[in-house]
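> Here's a structure for you.
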Amino acid sequence: MERAGGGGASYQRFPRVRIRELRDDFAKFELRDTDASMANALRRVMIAEVPTVAIDLVEIEVNSSVLNDEFIAHRLGLIPLTSAAAMSMRFSRDCDACDGDGSCEYCSVEFHLAARATDSDQTLEVTSNDLRSTDPKVCPVDQARAYQHALGGSEPFDTAAAADQRQLPFLTFPFPFHEGILIVKLRRGQELRLRAIARKGIGKDHAKWSPAATVTFMYEPEIRINEELMETLTLDEKRNLVESSPTKVFNIDPNTQQVVVEDAEAYTYDDEVIKKADAMGKPGLIEINAKEDSFIFTVETTGAITAYELIMNAITVFRQKLDAVRLQDDDGDLGELGAHLVGG
Amino acid sequence: MNAPDRYERFVVPEGTKKVSYERDTKIVNAGSFTIEREDHTIGNILRMQLHRDPNVLFAGYKLPHPLQYKIIVRVHTANQSTPTQAYTQAINDLDKELENLKQAFEDEKTRYDERPKQGY
Ligand SMILES: [Zn+2]
C-alpha cells in the first residue's frame, strides 16, 4: 500500500519579487509567477494573523476624567506598541509560566499611567507619551520614534526625501509624531491613574492587534493600443478618448500627437475608455487585460512592526498554518485502507 | 456575560482533531477533509493548488456557516492518485513555494538596499 503523499509529482511555483519602495512603515512591491490565491492569502495573513502586542487588560485606580473606564481601556488598546518581539512571545492563554495577570516575561508587558491636572487653568492632554512601560522593547511606537530621533538616529520618516519623491502625497508633512496619541483631556483637579497589561494577539481576535494599516494588491494591467486604428482619429477625438478615463492612464504626446499610455497602473478597471472607443465606432481601439500572475502590493503598517517584518512574518505564520493542517499519519492510513477495501 | 471567548474562532478545542478525512461512500477516490478553526485563507489556496494537480478531477471548499469555525475541502482524484495523496502534495508544494518566496524577498531586500543611490 502506498504511503499518503509519498512520491507524487510536484506542482510547485517559483514566485519572483521586485521591491519598488521600502520604508519603515510602507512597502510597495511586485509579486509575479504566482496566482491570486497566493496573493490573497498573504494579504489576509498580514491583516489578521501576524501577531503584535497591544494593551488588553486595564486596572483603573483613579479615573475622574470625563471618559468612563471602559472607554479609556478601549482607547489604550488601540495604541500601537512596538512589537518586534511579538513573534517570539507566548500567547497568554498558552503560557504556563503565569496565570495571565501580568508581570510575566514570556507573555505580557506591564504599563503604568499617572496624570493629574494641577491647579493651572490649562487643560491637560493625557497621551501615549504618559504611558510608562516596564519593558524597553515594548512601548508606544510614537515614543520609540521620538526617542530614536532624539538619539540622532536616522529619522524613520524622512520628510524631505519623502516629499521629494512624491511618496504618500495624501499625507501632509511634517508628520506630528512627537505629540503622542491623545487618550483623554483632564480639567483642573481631574486625575487618571491606572495599570495596564499588554499581551500578544492577532487581528483575528481583535483589530487592535492588526499590524496592518492597509494591505492591498492589484492585478498588473496590460494595455494595448491599436495604433493603426488610432491613426484614423482626429486630434479632438484622441483628446476625448484620453479624457474619458476617470484616472490619468493615457496622454497625448505633444510632439507626435499620438495617444500614449502614461500610467498603466492608474487604471481602475473601470472600462470607461473601452466604452468610449465603442461609442466612437472604433471597437478594439484599446484592449486592457489583467495579467493573471502579476500583482502590485501596497503594504502600510501601524508602526508596530516594519513593513518588511510584516511581510516576512506573514510568510512564517502562513507556513506554520499550512503545517498545522497536514494530515497526521493515522488519518492518511485510514483513508487509504478504506479506499483500498472499496475500490480494490 | 455568556459570550463565547473570542479565541474560540481560531484555537482548536482540546480533544478535537485539526484535520479529519471522511471518504465518500459512493465514489472511489473521493472524500472530504474537515479542517477545524480555518477559513478562506487556507481553504481557497488549498483548492487552487489542488487544481494544479492533473490527477485531481474535482477540488472545492466551503465554509459551511460563519459561526461554525471550520472548512470542508472536498477532493476527487483519478485512479493514479488518492485524495489524501493530492492533499498532502498540495500542502508540500505550497510550503515549498513560500520557502522560495521568503528567499526571494530576502535576496530582493539585499539588492534594494545596495542599489546605487540615484541623485534625486
Ligand atoms: Zn505568562
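We name chains A, B, ... following the order of the C-alpha cells; residues begin at 1 in each chain, and ligands are numbered from 1 as shown.
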Taking only C-alpha atoms and all ligand atoms into account, which residues have an atom no farther than 7 Å from ligand 1? I'd like them as JSON, numbers by chain.

{"A": [92, 95, 96, 97, 98, 99, 100, 104, 105, 106, 107, 108]}

> Give me the chain B side of the contact with chain A, cut-off 8 Å, one line per residue showing its nearest atom pair and distance in Å at one decimal, counting only C-alpha atoms, sorted by chain and residue number, as CSV.


residue,atom,partner,partner_atom,distance
B:Arg6,CA,A:Asp205,CA,5.9
B:Tyr7,CA,A:Asp205,CA,6.1
B:Arg9,CA,A:Asp205,CA,7.9
B:Phe10,CA,A:Lys204,CA,8.0
B:Lys18,CA,A:Val325,CA,6.6
B:Val19,CA,A:Val325,CA,6.1
B:Ser20,CA,A:Asp331,CA,6.6
B:Tyr21,CA,A:Asp331,CA,6.5
B:Glu22,CA,A:Gly335,CA,7.3
B:Arg23,CA,A:Gly335,CA,6.4
B:Val28,CA,A:Gly343,CA,5.7
B:Asn29,CA,A:Ala339,CA,6.6
B:Ile35,CA,A:Val325,CA,7.0
B:Thr41,CA,A:Ala41,CA,5.0
B:Ile42,CA,A:Ala41,CA,7.3
B:Asn44,CA,A:Ser37,CA,6.3
B:Ile45,CA,A:Ser37,CA,5.0
B:Met48,CA,A:Ser37,CA,6.8
B:Gln49,CA,A:Tyr11,CA,7.9
B:Arg52,CA,A:Tyr11,CA,6.4
B:Asp53,CA,A:Tyr11,CA,6.6
B:Thr82,CA,A:Glu336,CA,7.6
B:Thr84,CA,A:Ala4,CA,5.9
B:Gln85,CA,A:Gly5,CA,4.0
B:Ala86,CA,A:Gly5,CA,6.7
B:Tyr87,CA,A:Gly5,CA,7.5
B:Thr88,CA,A:Gly5,CA,5.0
B:Gln89,CA,A:Gly5,CA,5.6
B:Ala90,CA,A:Tyr11,CA,7.8
B:Ile91,CA,A:Leu322,CA,6.5
B:Asp93,CA,A:Gln12,CA,4.8
B:Leu94,CA,A:Gln12,CA,6.7
B:Asp95,CA,A:Arg319,CA,6.0
B:Lys96,CA,A:Gln12,CA,6.9
B:Glu97,CA,A:Arg13,CA,5.7
B:Leu98,CA,A:Ile315,CA,6.5
B:Asn100,CA,A:Phe14,CA,6.5
B:Leu101,CA,A:Pro15,CA,6.0
B:Lys102,CA,A:Ile315,CA,6.7
B:Ala104,CA,A:Val17,CA,6.2
B:Phe105,CA,A:Val17,CA,6.3
B:Glu108,CA,A:Arg18,CA,6.4
B:Lys109,CA,A:Ile19,CA,7.3
B:Tyr112,CA,A:Ile19,CA,6.8
B:Tyr120,CA,A:Asp164,CA,7.6

> If you keep N, CA and C atoms, can you produce a file of those selected residues as a CSV table (one decimal), in the first residue's frame?


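The resulting file, again30.csv, is shown below:
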chain,number,residue,atom,x,y,z
B,6,ARG,N,-13.4,35.1,22.4
B,6,ARG,CA,-13.1,35.4,21.0
B,6,ARG,C,-12.2,34.4,20.4
B,7,TYR,N,-11.3,33.8,21.2
B,7,TYR,CA,-10.3,33.0,20.7
B,7,TYR,C,-10.9,31.6,20.2
B,9,ARG,N,-12.6,31.3,17.9
B,9,ARG,CA,-12.6,31.3,16.4
B,9,ARG,C,-11.4,30.7,15.8
B,10,PHE,N,-10.3,30.7,16.6
B,10,PHE,CA,-9.1,30.2,15.9
B,10,PHE,C,-8.2,29.2,16.8
B,18,LYS,N,-7.6,18.6,14.4
B,18,LYS,CA,-7.4,19.8,13.5
B,18,LYS,C,-8.0,19.4,12.1
B,19,VAL,N,-7.5,18.2,11.6
B,19,VAL,CA,-8.0,17.7,10.3
B,19,VAL,C,-8.5,16.3,10.4
B,20,SER,N,-9.7,16.1,9.8
B,20,SER,CA,-10.2,14.7,9.7
B,20,SER,C,-10.6,14.5,8.3
B,21,TYR,N,-10.4,13.2,7.8
B,21,TYR,CA,-10.8,12.9,6.5
B,21,TYR,C,-11.9,11.9,6.5
B,22,GLU,N,-12.9,12.2,5.6
B,22,GLU,CA,-14.0,11.2,5.5
B,22,GLU,C,-14.1,10.8,4.1
B,23,ARG,N,-14.0,9.5,3.8
B,23,ARG,CA,-14.1,9.0,2.5
B,23,ARG,C,-15.5,9.0,2.0
B,28,VAL,N,-15.3,6.2,-5.7
B,28,VAL,CA,-13.9,5.8,-5.4
B,28,VAL,C,-13.0,7.0,-5.5
B,29,ASN,N,-12.0,7.1,-4.7
B,29,ASN,CA,-11.0,8.2,-4.8
B,29,ASN,C,-11.7,9.6,-4.6
B,35,ILE,N,-11.4,20.7,8.2
B,35,ILE,CA,-10.3,21.4,8.9
B,35,ILE,C,-10.9,22.4,9.9
B,41,THR,N,-8.6,31.8,4.1
B,41,THR,CA,-7.2,31.9,3.9
B,41,THR,C,-6.6,30.6,3.5
B,42,ILE,N,-6.9,29.5,4.2
B,42,ILE,CA,-6.3,28.2,3.9
B,42,ILE,C,-7.2,27.5,2.8
B,44,ASN,N,-9.1,28.5,0.2
B,44,ASN,CA,-9.0,28.9,-1.2
B,44,ASN,C,-7.7,28.5,-1.8
B,45,ILE,N,-6.6,28.7,-1.0
B,45,ILE,CA,-5.3,28.5,-1.6
B,45,ILE,C,-5.1,27.0,-1.8
B,48,MET,N,-7.0,25.9,-4.9
B,48,MET,CA,-6.3,26.3,-6.2
B,48,MET,C,-5.1,25.5,-6.4
B,49,GLN,N,-4.4,25.2,-5.3
B,49,GLN,CA,-3.2,24.3,-5.5
B,49,GLN,C,-3.6,22.9,-6.0
B,52,ARG,N,-4.0,22.5,-9.6
B,52,ARG,CA,-2.8,22.4,-10.5
B,52,ARG,C,-2.4,20.9,-10.7
B,53,ASP,N,-2.9,20.0,-9.9
B,53,ASP,CA,-2.6,18.6,-10.0
B,53,ASP,C,-3.5,18.0,-11.0
B,82,THR,N,-4.8,9.5,-4.8
B,82,THR,CA,-5.9,9.5,-3.9
B,82,THR,C,-6.1,10.9,-3.3
B,84,THR,N,-6.0,11.9,-0.2
B,84,THR,CA,-5.0,12.2,0.8
B,84,THR,C,-3.7,12.5,0.2
B,85,GLN,N,-3.3,11.7,-0.8
B,85,GLN,CA,-2.1,11.9,-1.5
B,85,GLN,C,-2.0,13.3,-2.1
B,86,ALA,N,-3.1,13.7,-2.9
B,86,ALA,CA,-3.2,15.0,-3.5
B,86,ALA,C,-3.1,16.1,-2.5
B,87,TYR,N,-3.8,15.9,-1.4
B,87,TYR,CA,-3.9,16.9,-0.3
B,87,TYR,C,-2.5,17.2,0.3
B,88,THR,N,-1.8,16.1,0.6
B,88,THR,CA,-0.5,16.2,1.2
B,88,THR,C,0.5,16.9,0.2
B,89,GLN,N,0.3,16.5,-1.1
B,89,GLN,CA,1.2,17.1,-2.1
B,89,GLN,C,0.9,18.6,-2.2
B,90,ALA,N,-0.3,19.0,-2.2
B,90,ALA,CA,-0.7,20.4,-2.3
B,90,ALA,C,0.0,21.2,-1.2
B,91,ILE,N,-0.1,20.7,0.0
B,91,ILE,CA,0.5,21.4,1.2
B,91,ILE,C,2.0,21.4,1.0
B,93,ASP,N,3.7,21.4,-1.7
B,93,ASP,CA,4.1,22.4,-2.8
B,93,ASP,C,3.9,23.8,-2.4
B,94,LEU,N,2.8,24.1,-1.6
B,94,LEU,CA,2.6,25.4,-1.1
B,94,LEU,C,3.7,25.9,-0.2
B,95,ASP,N,4.1,24.9,0.7
B,95,ASP,CA,5.2,25.2,1.7
B,95,ASP,C,6.5,25.5,1.0
B,96,LYS,N,6.8,24.7,-0.1
B,96,LYS,CA,8.0,25.0,-0.8
B,96,LYS,C,7.9,26.3,-1.6
B,97,GLU,N,6.7,26.6,-2.1
B,97,GLU,CA,6.6,27.9,-2.8
B,97,GLU,C,6.8,29.1,-1.8
B,98,LEU,N,6.3,28.9,-0.6
B,98,LEU,CA,6.5,30.0,0.4
B,98,LEU,C,8.0,30.1,0.9
B,100,ASN,N,10.5,29.4,-0.9
B,100,ASN,CA,11.1,30.1,-2.1
B,100,ASN,C,10.8,31.6,-2.1
B,101,LEU,N,9.6,32.0,-1.7
B,101,LEU,CA,9.2,33.4,-1.7
B,101,LEU,C,9.9,34.1,-0.6
B,102,LYS,N,10.1,33.5,0.5
B,102,LYS,CA,10.9,34.1,1.6
B,102,LYS,C,12.3,34.4,1.1
B,104,ALA,N,13.3,34.7,-1.9
B,104,ALA,CA,13.2,35.8,-3.0
B,104,ALA,C,13.1,37.2,-2.4
B,105,PHE,N,12.4,37.3,-1.3
B,105,PHE,CA,12.2,38.6,-0.6
B,105,PHE,C,13.5,39.0,0.1
B,108,GLU,N,15.9,40.1,-2.6
B,108,GLU,CA,15.4,41.4,-3.2
B,108,GLU,C,15.7,42.5,-2.3
B,109,LYS,N,15.6,42.3,-1.0
B,109,LYS,CA,15.8,43.3,0.0
B,109,LYS,C,17.3,43.7,0.0
B,112,TYR,N,17.8,45.7,-3.1
B,112,TYR,CA,17.2,47.0,-2.9
B,112,TYR,C,18.1,47.9,-2.0
B,120,TYR,N,18.5,62.1,-6.5
B,120,TYR,CA,17.3,62.9,-6.6
B,120,TYR,C,17.3,63.9,-5.5

> According to DSSP computed on the backbone, where in stretch 237-275 of chain A is there helix (DSSP H, G or I)? Give the residues as number ranges by chain.

A: 237-244, 264-266, 272-275

> Could you save the residues just selected, with N, CA, C and O atoms, as a tab-separated table (two decimals), in the first residue's frame?


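Output (out.tsv):
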chain	number	residue	atom	x	y	z
A	237	GLU	N	-10.78	63.87	-31.32
A	237	GLU	CA	-11.28	62.55	-30.91
A	237	GLU	C	-10.31	61.89	-29.94
A	237	GLU	O	-10.71	61.27	-28.95
A	238	LYS	N	-9.03	62.04	-30.22
A	238	LYS	CA	-8.00	61.49	-29.33
A	238	LYS	C	-8.10	62.13	-27.94
A	238	LYS	O	-8.02	61.44	-26.92
A	239	ARG	N	-8.29	63.46	-27.92
A	239	ARG	CA	-8.42	64.17	-26.64
A	239	ARG	C	-9.62	63.64	-25.87
A	239	ARG	O	-9.54	63.38	-24.68
A	240	ASN	N	-10.75	63.47	-26.58
A	240	ASN	CA	-11.96	62.96	-25.94
A	240	ASN	C	-11.74	61.58	-25.34
A	240	ASN	O	-12.21	61.28	-24.24
A	241	LEU	N	-11.02	60.77	-26.09
A	241	LEU	CA	-10.74	59.40	-25.63
A	241	LEU	C	-9.90	59.44	-24.37
A	241	LEU	O	-10.20	58.78	-23.36
A	242	VAL	N	-8.84	60.25	-24.40
A	242	VAL	CA	-7.94	60.37	-23.25
A	242	VAL	C	-8.70	60.89	-22.02
A	242	VAL	O	-8.53	60.41	-20.91
A	243	GLU	N	-9.58	61.86	-22.27
A	243	GLU	CA	-10.35	62.46	-21.18
A	243	GLU	C	-11.40	61.51	-20.61
A	243	GLU	O	-11.85	61.71	-19.48
A	244	SER	N	-11.79	60.51	-21.37
A	244	SER	CA	-12.89	59.63	-20.92
A	244	SER	C	-12.48	58.75	-19.75
A	244	SER	O	-13.32	58.25	-19.02
A	264	ALA	N	-0.08	53.06	-16.62
A	264	ALA	CA	-0.98	51.90	-16.75
A	264	ALA	C	-1.62	51.55	-15.41
A	264	ALA	O	-2.78	51.17	-15.33
A	265	GLU	N	-0.84	51.71	-14.31
A	265	GLU	CA	-1.35	51.30	-13.01
A	265	GLU	C	-2.38	52.24	-12.42
A	265	GLU	O	-2.99	51.95	-11.40
A	266	ALA	N	-2.57	53.39	-13.08
A	266	ALA	CA	-3.63	54.30	-12.63
A	266	ALA	C	-5.00	53.75	-13.05
A	266	ALA	O	-6.03	54.20	-12.54
A	272	GLU	N	-14.06	52.51	-18.90
A	272	GLU	CA	-14.60	53.73	-19.50
A	272	GLU	C	-14.01	54.01	-20.88
A	272	GLU	O	-14.75	54.33	-21.81
A	273	VAL	N	-12.69	53.87	-21.05
A	273	VAL	CA	-12.09	54.14	-22.37
A	273	VAL	C	-12.58	53.14	-23.41
A	273	VAL	O	-12.72	53.49	-24.59
A	274	ILE	N	-12.81	51.92	-22.95
A	274	ILE	CA	-13.27	50.88	-23.89
A	274	ILE	C	-14.68	51.19	-24.36
A	274	ILE	O	-14.99	51.12	-25.55
A	275	LYS	N	-15.52	51.63	-23.42
A	275	LYS	CA	-16.89	52.05	-23.77
A	275	LYS	C	-16.84	53.25	-24.70
A	275	LYS	O	-17.62	53.35	-25.65

> Would you mind writing down, as a PyMOL selection string, each residue of stretch 61-211 of chain A that DSSP on the backbone assigns to strand (DSSP E)?

chain A and resi 61-63+108-116+124-127+132-133+182-186+191-201

> Enter the distance from atom CA of A:Leu310 to atom CA of A:Thr298, in Å, rounded to one decimal.

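About the pair atom CA of A:Leu310 and atom CA of A:Thr298: they are 12.0 Å apart.
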
> Using only C-alpha atoms, which residue out of B:Arg74, B:Arg37, B:Lys26, B:Arg115 lies closest to B:His51?

B:Arg74

> I want to know what sits within 7 Å of A:Val261, based on only C-alpha atoms, with residues of the same chain fewer than 5 positions away left out; could you give that as a PyMOL selection string?

chain A and resi 249-251

> Could you write out that same residue set with N, CA and C atoms as an mmCIF file, in the first residue's frame?


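Wrote part-v1.cif, looks like this:
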data_model
loop_
_atom_site.group_PDB
_atom_site.id
_atom_site.type_symbol
_atom_site.label_atom_id
_atom_site.label_comp_id
_atom_site.auth_asym_id
_atom_site.auth_seq_id
_atom_site.Cartn_x
_atom_site.Cartn_y
_atom_site.Cartn_z
ATOM 1 N N VAL A 249 -4.689 57.670 -17.163
ATOM 2 C CA VAL A 249 -3.986 56.499 -17.693
ATOM 3 C C VAL A 249 -3.275 56.854 -18.991
ATOM 4 N N PHE A 250 -3.951 57.654 -19.832
ATOM 5 C CA PHE A 250 -3.419 57.975 -21.163
ATOM 6 C C PHE A 250 -3.033 59.445 -21.241
ATOM 7 N N ASN A 251 -2.251 59.743 -22.277
ATOM 8 C CA ASN A 251 -1.925 61.134 -22.562
ATOM 9 C C ASN A 251 -1.645 61.254 -24.060
#

> At what distance in Å, to one decimal, does atom CA of A:Arg132 lie from atom CA of A:Phe71?

19.8 Å

> Have a look at atom CA of A:Leu131 and atom CA of A:Glu300 and let me know their distance in Å, one decimal.

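Taking atom CA of A:Leu131 and atom CA of A:Glu300, their separation equals 24.8 Å.
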
> Pick out the residues sitting within 10 Å of B:Phe58, and hand them over as number ranges by chain; count only C-alpha atoms, and ignore anything fewer than 5 positions along from it in its own chain.

B: 30, 47, 50-51, 74-78, 83

> Give me the residues near A:Leu67 as number ranges by chain, where near means some atom within 12 Å (using only C-alpha atoms) and where sequence neighbours in that chain fewer than 6 positions away do not count.

A: 73-75, 183-187, 190-192

> Output C-alpha atoms for every residue in that selection, as a PDB file, in the first residue's frame.


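part_15.pdb, freshly written:
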ATOM      1  CA  ALA A  73      -9.445  50.957  28.301  1.00  0.00           C
ATOM      2  CA  HIS A  74     -10.593  50.686  24.701  1.00  0.00           C
ATOM      3  CA  ARG A  75      -8.565  53.733  23.635  1.00  0.00           C
ATOM      4  CA  ILE A 183      -6.106  59.394  25.291  1.00  0.00           C
ATOM      5  CA  VAL A 184      -8.179  61.884  27.307  1.00  0.00           C
ATOM      6  CA  LYS A 185      -8.172  65.552  28.302  1.00  0.00           C
ATOM      7  CA  LEU A 186      -8.189  66.437  32.002  1.00  0.00           C
ATOM      8  CA  ARG A 187      -9.653  69.574  33.509  1.00  0.00           C
ATOM      9  CA  GLN A 190      -9.169  65.648  37.437  1.00  0.00           C
ATOM     10  CA  GLU A 191      -6.932  62.607  37.644  1.00  0.00           C
ATOM     11  CA  LEU A 192      -6.213  59.367  35.794  1.00  0.00           C
TER      12      LEU A 192
END

> May I have the residues within 12 Å of A:Glu110 as an MDAnalysis selection string, using only C-alpha atoms and disregarding those fewer than 6 positions away in the same chain?

chainID A and resid 53:59 100:104 131:139 194:199
